[in-house]
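Printed here is run-v1.cif (mmCIF, C-alpha atoms):
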```
data_entry
loop_
_atom_site.label_atom_id
_atom_site.label_comp_id
_atom_site.auth_asym_id
_atom_site.auth_seq_id
_atom_site.Cartn_x
_atom_site.Cartn_y
_atom_site.Cartn_z
CA VAL A 54 -49.50 16.69 -3.85
CA THR A 55 -46.74 14.44 -2.48
CA GLY A 56 -47.15 10.75 -1.64
CA ALA A 57 -47.21 11.39 2.12
CA THR A 58 -49.77 14.17 1.80
CA ALA A 59 -51.94 11.97 -0.39
CA GLY A 60 -51.70 9.23 2.23
CA THR A 61 -52.75 11.69 4.92
CA LEU A 62 -55.72 12.84 2.85
CA ARG A 63 -56.85 9.28 2.14
CA SER A 64 -56.66 7.81 5.64
CA GLY A 65 -57.04 10.87 7.80
CA ALA A 66 -53.97 10.27 9.93
CA PRO A 67 -50.90 8.83 8.22
CA SER A 68 -49.82 5.50 9.62
CA ARG A 69 -46.25 5.22 10.78
CA LEU A 70 -45.52 2.34 8.37
CA ARG A 71 -46.94 4.24 5.41
CA ARG A 72 -44.75 7.23 6.22
CA LEU A 73 -41.73 4.92 6.53
CA ILE A 74 -42.16 3.33 3.11
CA SER A 75 -43.33 6.49 1.39
CA ALA A 76 -41.17 7.74 -1.49
CA ASP A 77 -40.77 11.01 0.42
CA GLY A 78 -39.02 9.24 3.28
CA PRO A 79 -35.47 7.88 3.13
CA THR A 80 -36.32 4.17 3.52
CA PRO A 81 -36.98 3.17 -0.13
CA TRP A 82 -33.85 5.02 -1.22
CA LEU A 83 -31.76 3.35 1.48
CA PHE A 84 -32.97 -0.12 0.55
CA PRO A 85 -30.33 -0.91 -2.17
CA LEU A 86 -27.53 0.13 0.19
CA ILE A 87 -28.99 -1.85 3.09
CA ALA A 88 -29.37 -4.89 0.82
CA PHE A 89 -25.77 -4.51 -0.33
CA LEU A 90 -24.52 -4.27 3.26
CA LEU A 91 -26.61 -7.26 4.32
CA VAL A 92 -25.33 -9.47 1.51
CA PHE A 93 -21.67 -8.44 1.43
CA THR A 94 -20.91 -7.38 5.04
CA ILE A 95 -23.43 -8.54 7.63
CA TYR A 96 -24.04 -12.04 6.24
CA PRO A 97 -20.30 -12.97 5.92
CA LEU A 98 -19.67 -11.59 9.43
CA VAL A 99 -22.57 -13.52 10.98
CA TYR A 100 -21.55 -16.65 9.04
CA ASN A 101 -17.96 -16.25 10.33
CA ILE A 102 -19.22 -15.99 13.92
CA TRP A 103 -21.39 -19.09 13.39
CA LEU A 104 -18.39 -20.88 11.81
CA SER A 105 -16.17 -20.13 14.81
CA PHE A 106 -18.43 -22.46 16.89
CA HIS A 107 -18.18 -25.27 14.33
CA GLU A 108 -15.44 -27.33 12.76
CA TYR A 109 -15.29 -29.09 9.42
CA ALA A 110 -15.05 -32.86 9.65
CA PRO A 111 -13.35 -33.88 6.37
CA PHE A 112 -14.22 -37.59 6.59
CA ARG A 113 -17.90 -36.93 7.29
CA ARG A 114 -17.87 -33.92 4.90
CA ARG A 115 -19.89 -31.66 7.16
CA LEU A 116 -19.55 -28.91 9.74
CA GLU A 117 -20.01 -30.07 13.32
CA TYR A 118 -20.83 -28.00 16.36
CA VAL A 119 -17.85 -27.78 18.76
CA GLY A 120 -19.01 -25.03 21.13
CA TRP A 121 -16.19 -22.88 22.53
CA ALA A 122 -13.46 -25.40 21.57
CA ASN A 123 -11.95 -23.19 18.85
CA TRP A 124 -11.75 -20.22 21.23
CA ALA A 125 -10.17 -22.36 23.97
CA GLN A 126 -7.64 -23.76 21.49
CA LEU A 127 -6.71 -20.23 20.42
CA TRP A 128 -5.82 -19.32 24.00
CA GLU A 129 -3.33 -22.21 24.25
CA ASP A 130 -1.93 -21.97 20.72
CA ALA A 131 1.70 -20.78 20.94
CA ARG A 132 1.79 -20.25 17.17
CA PHE A 133 -1.15 -17.85 17.38
CA TRP A 134 0.65 -15.74 20.01
CA GLY A 135 3.83 -15.87 17.93
CA SER A 136 1.90 -14.61 14.86
CA LEU A 137 0.31 -11.90 16.97
CA SER A 138 3.74 -10.76 18.13
CA VAL A 139 5.07 -10.67 14.53
CA THR A 140 1.95 -8.74 13.42
CA ALA A 141 2.43 -6.20 16.23
CA THR A 142 6.14 -5.72 15.40
CA TYR A 143 5.33 -5.32 11.71
CA PHE A 144 2.52 -2.87 12.48
CA ILE A 145 4.57 -0.63 14.78
CA VAL A 146 7.77 -0.51 12.68
CA VAL A 147 6.14 -0.10 9.25
CA LEU A 148 3.65 2.51 10.45
CA ALA A 149 6.32 4.55 12.27
CA VAL A 150 8.73 4.49 9.32
CA GLU A 151 6.01 5.34 6.80
CA VAL A 152 4.75 8.30 8.87
CA VAL A 153 8.22 9.77 9.54
CA LEU A 154 9.53 9.13 6.03
CA GLY A 155 6.26 10.29 4.45
CA MET A 156 6.32 13.56 6.36
CA ALA A 157 10.00 14.17 5.52
CA ILE A 158 9.45 13.55 1.80
CA ALA A 159 6.24 15.62 1.80
CA LEU A 160 8.16 18.57 3.31
CA LEU A 161 10.91 18.06 0.72
CA LEU A 162 8.47 17.97 -2.21
CA ASP A 163 6.29 20.84 -0.98
CA SER A 164 7.54 23.33 -3.54
CA ASP A 165 6.29 25.03 -6.69
CA GLU A 166 9.71 25.00 -8.31
CA ARG A 167 10.08 23.49 -11.77
CA GLY A 168 10.29 19.68 -11.77
CA PHE A 169 8.58 19.11 -8.42
CA GLY A 170 5.25 18.29 -10.10
CA VAL A 171 6.99 15.60 -12.15
CA MET A 172 8.61 14.24 -8.98
CA ARG A 173 5.25 14.03 -7.21
CA SER A 174 3.76 12.19 -10.20
CA LEU A 175 6.70 9.75 -10.37
CA LEU A 176 6.36 9.00 -6.68
CA THR A 177 2.73 7.94 -7.07
CA LEU A 178 3.71 5.24 -9.60
CA THR A 179 4.35 2.79 -6.75
CA LEU A 180 0.69 2.97 -5.69
CA VAL A 181 -0.68 1.49 -8.91
CA ILE A 182 1.29 -1.75 -8.66
CA PRO A 183 -0.56 -4.73 -7.15
CA PRO A 184 1.06 -5.76 -3.81
CA ALA A 185 1.69 -9.30 -5.09
CA ILE A 186 3.74 -7.89 -8.00
CA THR A 187 5.65 -5.66 -5.55
CA GLY A 188 6.40 -8.80 -3.53
CA MET A 189 7.78 -10.52 -6.64
CA MET A 190 9.78 -7.40 -7.52
CA PHE A 191 11.46 -7.32 -4.11
CA LEU A 192 11.94 -11.08 -4.16
CA LEU A 193 14.22 -10.51 -7.14
CA LEU A 194 15.82 -7.35 -5.69
CA GLU A 195 16.62 -9.13 -2.41
CA ASP A 196 17.75 -12.38 -4.01
CA PRO A 197 20.94 -13.58 -2.25
CA GLU A 198 22.79 -14.13 -5.56
CA PHE A 199 21.33 -11.79 -8.19
CA GLY A 200 19.53 -9.11 -6.15
CA VAL A 201 20.53 -5.47 -6.46
CA ILE A 202 19.67 -4.64 -2.81
CA THR A 203 21.75 -7.59 -1.57
CA TYR A 204 24.62 -6.52 -3.86
CA VAL A 205 24.53 -2.90 -2.60
CA LEU A 206 24.29 -3.94 1.08
CA GLU A 207 27.18 -6.36 0.64
CA SER A 208 29.25 -3.69 -1.14
CA ILE A 209 28.88 -1.26 1.76
CA GLY A 210 29.50 -3.97 4.35
CA ILE A 211 26.04 -4.24 5.96
CA LEU A 212 25.58 -7.85 4.76
CA ASP A 213 28.44 -10.35 4.69
CA GLY A 214 27.09 -12.68 1.99
CA THR A 215 26.52 -15.63 4.32
CA ALA A 216 23.06 -14.54 5.55
CA PRO A 217 20.49 -13.95 2.76
CA ILE A 218 17.93 -11.27 3.70
CA LEU A 219 14.77 -13.34 3.25
CA SER A 220 16.19 -16.65 4.47
CA THR A 221 17.57 -15.43 7.79
CA PRO A 222 15.08 -15.26 10.70
CA SER A 223 16.51 -11.99 12.04
CA THR A 224 16.30 -10.12 8.69
CA ALA A 225 13.38 -11.79 6.85
CA LEU A 226 10.74 -9.50 8.37
CA ILE A 227 12.86 -6.43 7.57
CA GLY A 228 13.09 -7.64 3.97
CA VAL A 229 9.28 -7.76 3.73
CA MET A 230 8.94 -4.41 5.52
CA ILE A 231 11.18 -2.77 2.86
CA ALA A 232 8.67 -3.77 0.15
CA ASP A 233 5.71 -2.44 2.16
CA ILE A 234 7.48 0.83 3.02
CA TRP A 235 8.56 1.30 -0.59
CA GLN A 236 5.01 0.87 -1.89
CA TRP A 237 3.01 2.80 0.72
CA THR A 238 5.25 5.70 1.81
CA PRO A 239 4.19 7.65 -1.32
CA PHE A 240 0.57 7.28 -0.15
CA MET A 241 1.51 9.02 3.11
CA VAL A 242 3.42 11.64 1.09
CA LEU A 243 0.30 12.35 -0.98
CA ILE A 244 -1.94 12.79 2.09
CA PHE A 245 0.62 14.93 3.93
CA LEU A 246 1.24 17.06 0.83
CA ALA A 247 -2.49 17.72 0.49
CA GLY A 248 -2.52 18.74 4.18
CA LEU A 249 0.55 20.96 3.85
CA ARG A 250 -0.94 22.69 0.80
CA SER A 251 -4.13 23.54 2.70
CA LEU A 252 -2.39 25.22 5.67
CA PRO A 253 -3.00 28.98 6.00
CA PRO A 254 0.08 31.19 5.36
CA GLU A 255 -0.57 33.71 8.19
CA PRO A 256 0.97 31.73 11.09
CA TYR A 257 4.10 31.18 8.96
CA GLU A 258 4.37 34.90 8.18
CA ALA A 259 4.05 35.75 11.88
CA ALA A 260 6.68 33.12 12.81
CA MET A 261 9.07 34.47 10.17
CA LEU A 262 8.64 38.00 11.53
CA ASP A 263 9.38 36.70 15.03
CA GLY A 264 12.59 35.10 13.74
CA ALA A 265 11.60 31.46 14.30
CA SER A 266 13.91 28.80 12.85
CA ALA A 267 12.72 26.19 10.31
CA LEU A 268 12.70 23.49 13.01
CA GLN A 269 10.70 25.69 15.41
CA ILE A 270 8.20 26.46 12.64
CA PHE A 271 7.80 22.76 11.94
CA ARG A 272 7.41 21.77 15.61
CA ARG A 273 5.19 24.67 16.74
CA ILE A 274 3.12 25.39 13.62
CA THR A 275 3.20 22.69 10.95
CA LEU A 276 2.96 19.64 13.22
CA PRO A 277 0.04 20.90 15.40
CA MET A 278 -1.92 22.09 12.36
CA MET A 279 -1.27 18.80 10.55
CA SER A 280 -2.25 16.59 13.51
CA LYS A 281 -5.72 15.74 12.15
CA VAL A 282 -4.33 14.86 8.71
CA ILE A 283 -1.63 12.70 10.31
CA ALA A 284 -4.26 10.98 12.47
CA VAL A 285 -6.42 10.09 9.45
CA ALA A 286 -3.39 8.81 7.51
CA VAL A 287 -2.26 6.70 10.49
CA LEU A 288 -5.76 5.26 10.89
CA VAL A 289 -6.15 4.30 7.22
CA ARG A 290 -2.67 2.79 6.92
CA GLY A 291 -2.85 1.19 10.36
CA ILE A 292 -5.97 -0.79 9.43
CA ASP A 293 -4.36 -1.74 6.12
CA ILE A 294 -1.11 -2.94 7.74
CA PHE A 295 -3.02 -5.15 10.16
CA ARG A 296 -4.59 -6.99 7.23
CA MET A 297 -1.28 -7.40 5.39
CA PHE A 298 -1.04 -10.73 3.56
CA ASP A 299 0.24 -10.40 -0.02
CA TYR A 300 3.89 -9.45 0.56
CA ILE A 301 4.51 -12.21 3.09
CA PHE A 302 2.64 -14.82 1.08
CA VAL A 303 4.70 -14.04 -2.04
CA MET A 304 8.09 -13.30 -0.45
CA THR A 305 8.49 -15.72 2.47
CA SER A 306 5.23 -17.69 2.98
CA GLY A 307 5.73 -17.11 6.71
CA GLY A 308 9.28 -18.46 6.82
CA PRO A 309 12.04 -19.04 7.61
CA GLY A 310 10.42 -21.13 10.35
CA THR A 311 7.73 -18.85 11.73
CA ALA A 312 9.79 -15.64 11.57
CA THR A 313 7.34 -13.80 9.30
CA TYR A 314 4.08 -15.47 10.27
CA VAL A 315 1.41 -12.77 10.56
CA LEU A 316 -2.17 -13.34 11.71
CA PRO A 317 -3.89 -13.10 8.29
CA LEU A 318 -1.44 -15.67 6.89
CA TYR A 319 -1.99 -17.95 9.90
CA ALA A 320 -5.78 -17.71 9.46
CA TRP A 321 -5.41 -18.48 5.75
CA GLN A 322 -3.15 -21.47 6.44
CA GLN A 323 -5.49 -22.95 9.06
CA THR A 324 -8.52 -22.47 6.78
CA PHE A 325 -7.22 -23.60 3.41
CA SER A 326 -4.10 -25.71 4.06
CA PHE A 327 -5.26 -27.60 7.17
CA ILE A 328 -9.00 -27.35 6.29
CA LYS A 329 -9.80 -26.11 9.82
CA TRP A 330 -12.49 -23.68 8.75
CA GLY A 331 -13.82 -23.07 12.24
CA TYR A 332 -10.41 -22.33 13.73
CA GLY A 333 -9.50 -20.07 10.77
CA ALA A 334 -12.76 -18.15 11.27
CA THR A 335 -11.95 -17.76 14.99
CA ILE A 336 -8.50 -16.30 14.20
CA SER A 337 -9.98 -13.88 11.66
CA LEU A 338 -12.65 -12.79 14.19
CA VAL A 339 -9.94 -12.05 16.77
CA LEU A 340 -8.09 -10.04 14.11
CA LEU A 341 -11.27 -8.12 13.29
CA ALA A 342 -11.95 -7.42 16.98
CA MET A 343 -8.39 -6.16 17.45
CA ILE A 344 -8.62 -3.83 14.45
CA LEU A 345 -11.98 -2.48 15.68
CA ILE A 346 -10.74 -1.88 19.24
CA ILE A 347 -7.44 -0.26 18.20
CA ALA A 348 -9.09 1.88 15.50
CA ASN A 349 -11.85 3.08 17.87
CA LEU A 350 -9.36 3.82 20.65
CA PHE A 351 -7.23 5.76 18.21
CA ILE A 352 -10.25 7.70 16.90
CA LYS A 353 -11.15 8.65 20.50
CA LEU A 354 -7.59 9.54 21.55
CA ALA A 355 -6.64 11.44 18.39
CA LYS A 356 -10.13 13.03 18.17
CA VAL A 357 -10.42 12.11 14.50
CA ARG A 358 -13.48 13.69 12.86
CA TRP A 359 -14.63 12.62 9.42
CA VAL B 171 6.13 31.96 2.50
CA ILE B 172 9.64 30.91 3.50
CA VAL B 173 12.15 32.38 1.03
CA GLU B 174 15.03 30.02 0.29
CA SER B 175 18.53 30.94 -0.83
CA PRO B 176 19.55 29.68 -4.32
CA ALA B 177 22.07 27.25 -2.79
CA ARG B 178 19.44 25.81 -0.46
CA ARG B 179 16.96 25.57 -3.31
CA ARG B 180 19.51 23.64 -5.40
CA THR B 181 20.25 21.30 -2.48
CA ARG B 182 16.54 20.71 -1.99
CA THR B 183 16.03 19.93 -5.68
CA VAL B 184 18.97 17.50 -5.76
CA ALA B 185 17.80 15.78 -2.54
CA ALA B 186 14.24 15.53 -3.91
CA TRP B 187 15.44 13.93 -7.17
CA ALA B 188 17.63 11.52 -5.17
CA VAL B 189 14.66 10.42 -3.05
CA VAL B 190 12.38 10.05 -6.07
CA GLY B 191 15.15 8.14 -7.87
CA LEU B 192 15.37 5.76 -4.94
CA PHE B 193 11.64 5.09 -5.15
CA VAL B 194 11.56 4.78 -8.94
CA PHE B 195 14.64 2.53 -9.19
CA PRO B 196 12.90 -0.78 -8.26
CA LEU B 197 10.27 -0.03 -10.89
CA TYR B 198 12.95 0.73 -13.50
CA PHE B 199 14.75 -2.50 -12.60
CA TRP B 200 11.54 -4.52 -12.84
CA ILE B 201 10.60 -3.03 -16.22
CA THR B 202 14.08 -3.55 -17.67
CA THR B 203 14.05 -7.13 -16.38
CA ALA B 204 11.11 -7.76 -18.73
CA PHE B 205 13.38 -6.79 -21.66
CA LYS B 206 16.35 -8.92 -20.52
CA HIS B 207 17.58 -12.33 -21.60
CA ALA B 208 17.64 -14.89 -18.78
CA ARG B 209 21.45 -14.76 -18.74
CA HIS B 210 21.33 -11.01 -17.95
CA ILE B 211 18.67 -11.43 -15.24
CA PHE B 212 21.02 -13.77 -13.37
CA ASP B 213 24.14 -11.63 -13.87
CA GLN B 214 26.56 -11.25 -10.99
CA PRO B 215 26.88 -8.35 -10.19
CA PRO B 216 23.38 -7.43 -11.45
CA SER B 217 23.33 -5.69 -14.85
CA VAL B 218 21.35 -2.53 -14.17
CA TRP B 219 22.23 -0.15 -17.01
CA THR B 220 23.85 -2.27 -19.74
CA PHE B 221 22.16 -5.31 -21.26
CA GLU B 222 21.08 -6.61 -24.65
CA PRO B 223 17.31 -5.91 -24.91
CA THR B 224 14.94 -8.61 -26.13
CA MET B 225 11.22 -8.94 -26.87
CA LYS B 226 11.28 -12.71 -26.27
CA ASN B 227 9.62 -12.49 -22.84
CA PHE B 228 6.71 -10.52 -24.32
CA GLU B 229 6.45 -12.97 -27.22
CA GLN B 230 6.16 -15.79 -24.69
CA VAL B 231 3.53 -14.02 -22.59
CA LEU B 232 1.41 -12.73 -25.48
CA GLY B 233 1.87 -15.86 -27.60
CA VAL B 234 2.63 -13.85 -30.74
CA ASP B 235 5.68 -13.38 -32.88
CA LEU B 236 7.02 -9.87 -32.56
CA GLY B 237 9.82 -10.56 -35.05
CA PHE B 238 8.53 -8.05 -37.59
CA PHE B 239 9.27 -5.29 -35.11
CA ARG B 240 12.92 -6.20 -35.23
CA GLN B 241 12.96 -6.76 -39.01
CA GLN B 242 11.33 -3.50 -39.87
CA GLU B 243 13.35 -1.68 -37.26
CA VAL B 244 10.19 -0.23 -35.86
CA LEU B 245 11.51 -0.54 -32.34
CA PRO B 246 14.76 1.37 -32.83
CA GLY B 247 12.92 3.83 -35.06
CA GLY B 248 10.24 4.29 -32.41
CA ALA B 249 12.87 4.87 -29.76
CA ILE B 250 14.61 7.52 -31.85
CA SER B 251 11.27 9.17 -32.65
CA THR B 252 10.31 9.20 -28.94
CA CYS B 253 13.65 10.79 -28.04
CA CYS B 254 13.21 13.45 -30.72
CA ARG B 255 9.70 14.21 -29.50
CA GLY B 256 10.94 14.27 -25.91
CA CYS B 257 13.42 16.98 -26.85
CA GLY B 258 11.20 18.73 -29.39
CA ILE B 259 7.92 19.13 -27.49
CA PRO B 260 9.32 21.18 -24.57
CA SER B 261 11.13 23.54 -26.97
CA TRP B 262 8.01 23.79 -29.15
CA SER B 263 5.84 24.61 -26.14
CA ARG B 264 8.36 27.14 -24.91
CA SER B 265 8.56 28.89 -28.24
CA ALA B 266 4.76 28.81 -28.54
CA ARG B 267 4.38 30.55 -25.19
CA ARG B 268 7.03 33.13 -26.00
CA ARG B 269 5.78 36.64 -26.61
CA TRP B 270 6.77 37.71 -30.12
CA ARG B 271 7.39 41.38 -30.63
#
```

In structure tokens, write the structure found in this file.
Amino acid sequence: VTGATAGTLRSGAPSRLRRLISADGPTPWLFPLIAFLLVFTIYPLVYNIWLSFHEYAPFRRRLEYVGWANWAQLWEDARFWGSLSVTATYFIVVLAVEVVLGMAIALLLDSDERGFGVMRSLLTLTLVIPPAITGMMFLLLEDPEFGVITYVLESIGILDGTAPILSTPSTALIGVMIADIWQWTPFMVLIFLAGLRSLPPEPYEAAMLDGASALQIFRRITLPMMSKVIAVAVLVRGIDIFRMFDYIFVMTSGGPGTATYVLPLYAWQQTFSFIKWGYGATISLVLLAMILIIANLFIKLAKVRW
Amino acid sequence: VIVESPARRRTRTVAAWAVVGLFVFPLYFWITTAFKHARHIFDQPPSVWTFEPTMKNFEQVLGVDLGFFRQQEVLPGGAISTCCRGCGIPSWSRSARRRWR
């Protein structure tokens, strides 16, 4: 006799509450997860919203209610809009390069020939390195005097030696993007390879019989069948790129000037360097709202199903 | 499904190794930097393939003296042993899989 049945027998008709907390129902089993979400997700989010209507007064050592002041300040803050523009540029360029390069490399490595397994394994090595270490690695590689990348680019005439990559406003963001692309393109390759390996062979056999070229096969068969996989990869990486902090913090700290100032770095600076907790919380809430809106729009448009 | 010509297959293999090499190079450079003296790290042009290896950086990080490795020649011996195994294991596995008549 189960708990619910026993309850029914005892009281005649089972009460709704008793059914809800019965071991047969899902509620007791969901409780640890709900508690976890409440403590680690809901509470920090609610606290952040509450914080965005307050500001820390360092001399009085307390948070004071300021109403909509932080939100109004955000609207007029030129630095916020500048950071937003840098974040958008970074997002579009890095995501586009990673998707195109990832697909190209995945197509190149999609083979059962000898050595390709080793190549796939070697490529995944970049994923295990912490982003801060990758930032340090590329800081050395792009050093104006001792860096290998600088040396190679100067040798082939792309750089002239007077404009260091990370210290010039026009190239600093590209320098950071190189580190991000280097580390996360293999992630795209992995996802695309898994997708390519799961495609059915029949459409390819039919296309071969019809005399389709490799490019036609890619455009008419591979790309449409891979669209869902590409959409998921873009969504996951897109959210990740929006939150990007480590590379810029380690490599440029937002400089030179404000050339590489992204929103997460701006929020961090306002919160911890200028001790404007309320304003920092407001910036991070805007960032969160943007990620949610863009991700949901993308899920709707690309018809992503989990 | 798509059958490739031997020439195309070779080109694909070479291109794939080149791409993987490009991705592995920064890692190689970073790892070898850990075994370099400061004077080699700040070489101009950068010393990528030839440098005098040292354990001093590891000694500093770990706070231990790794001198006995050098004295006992464990490090060079280990390197030679690793190379021998690197060559030996594939040939061993190949001969093990071979069908003896």

Output of the PyMOL selection byres ((chain B and resi 175-181) around 12), listed as a list in words: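 Here the PyMOL selection byres ((chain B and resi 175-181) around 12) matches Leu161, Leu162, Asp163, Ser164, Asp165, Glu166, Arg167, Gly168 and Phe169 of chain A; Ile172, Val173, Glu174, Arg182, Thr183, Val184, Ala185, Ala186, Trp187 and Ala188 of chain B.
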
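Between CA of Leu226 in chain A and CA of Tyr143 in chain A lies a distance of 7.6 Å.
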
Within 8 Å of range 196-207 of chain B using all atoms listed in the file, minus same-chain residues under 6 positions, as a ChimeraX atom specification: /A:179,190-191,194 /B:218,221-228

Residues matched by the PyMOL selection byres ((chain A) within 7 of (chain B)), written as a PyMOL selection string: chain A and resi 161-162+172+176+190+199-201+204+235+254+257-258

Residues within 12 Å of range 269-272 of chain A, only C-alpha atoms, excluding chain neighbours under 5 positions, as an MDAnalysis selection string: (chainID A and resid 156:157 160 249 254 256:264 277:280) or (chainID B and resid 171:172)

Nearest-residue call for Thr140 in chain A, choices A:Pro111, A:Gly188, A:Pro222, A:Pro317, using only C-alpha atoms: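 Of all the options, A:Pro317 lies closest to Thr140 in chain A.
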
Nearest to Asp293 in chain A by atom-to-atom distance, counting all atoms listed in the file, from A:Ile344, A:Leu252, A:Leu137, A:Trp128: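 The closest residue to Asp293 in chain A is A:Ile344.
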
Straight-line distance linking CA of Leu127 in chain A with CA of Trp330 in chain A, stated in Å to one decimal: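 For CA of Leu127 in chain A relative to CA of Trp330 in chain A, the distance reads 13.5 Å.
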
Is there a way to get, as a short mmCIF file (atom, residue, chain, number, x, y, z; two decimals) with C-alpha atoms, in the frame of the given file, all residues within 12 Å of the point (-18.8, -22.8, 16.9) in file coordinates, counting only C-alpha atoms?
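Output file selection_36.cif is given in full below:
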```
data_model
loop_
_atom_site.label_atom_id
_atom_site.label_comp_id
_atom_site.auth_asym_id
_atom_site.auth_seq_id
_atom_site.Cartn_x
_atom_site.Cartn_y
_atom_site.Cartn_z
CA VAL A 99 -22.57 -13.52 10.98
CA TYR A 100 -21.55 -16.65 9.04
CA ASN A 101 -17.96 -16.25 10.33
CA ILE A 102 -19.22 -15.99 13.92
CA TRP A 103 -21.39 -19.09 13.39
CA LEU A 104 -18.39 -20.88 11.81
CA SER A 105 -16.17 -20.13 14.81
CA PHE A 106 -18.43 -22.46 16.89
CA HIS A 107 -18.18 -25.27 14.33
CA GLU A 108 -15.44 -27.33 12.76
CA TYR A 109 -15.29 -29.09 9.42
CA LEU A 116 -19.55 -28.91 9.74
CA GLU A 117 -20.01 -30.07 13.32
CA TYR A 118 -20.83 -28.00 16.36
CA VAL A 119 -17.85 -27.78 18.76
CA GLY A 120 -19.01 -25.03 21.13
CA TRP A 121 -16.19 -22.88 22.53
CA ALA A 122 -13.46 -25.40 21.57
CA ASN A 123 -11.95 -23.19 18.85
CA TRP A 124 -11.75 -20.22 21.23
CA ALA A 125 -10.17 -22.36 23.97
CA LYS A 329 -9.80 -26.11 9.82
CA TRP A 330 -12.49 -23.68 8.75
CA GLY A 331 -13.82 -23.07 12.24
CA TYR A 332 -10.41 -22.33 13.73
CA GLY A 333 -9.50 -20.07 10.77
CA ALA A 334 -12.76 -18.15 11.27
CA THR A 335 -11.95 -17.76 14.99
#
```

Expected selection from the PyMOL selection byres ((chain A and resi 292) around 10), given as a PyMOL selection string: chain A and resi 144+287-291+293-297+341+343-345+347-348

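The space between CA of Pro184 in chain A and CA of Ile211 in chain A spans 26.9 Å.
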
Do a neighbour search on Tyr314 in chain A at 8 Å with all atoms listed in the file, toss out local chain neighbours closer than 5 positions, and write the hits as a compact mmCIF listing (two decimals) with C-alpha atoms, in the coordinates of the input.
```txt
# COMPACT_ATOMS: atom_id res chain seq x y z
CA GLY A 135 3.83 -15.87 17.93
CA SER A 136 1.90 -14.61 14.86
CA VAL A 139 5.07 -10.67 14.53
CA THR A 140 1.95 -8.74 13.42
CA ILE A 301 4.51 -12.21 3.09
CA SER A 306 5.23 -17.69 2.98
CA GLY A 307 5.73 -17.11 6.71
CA GLY A 308 9.28 -18.46 6.82
CA TYR A 319 -1.99 -17.95 9.90
```
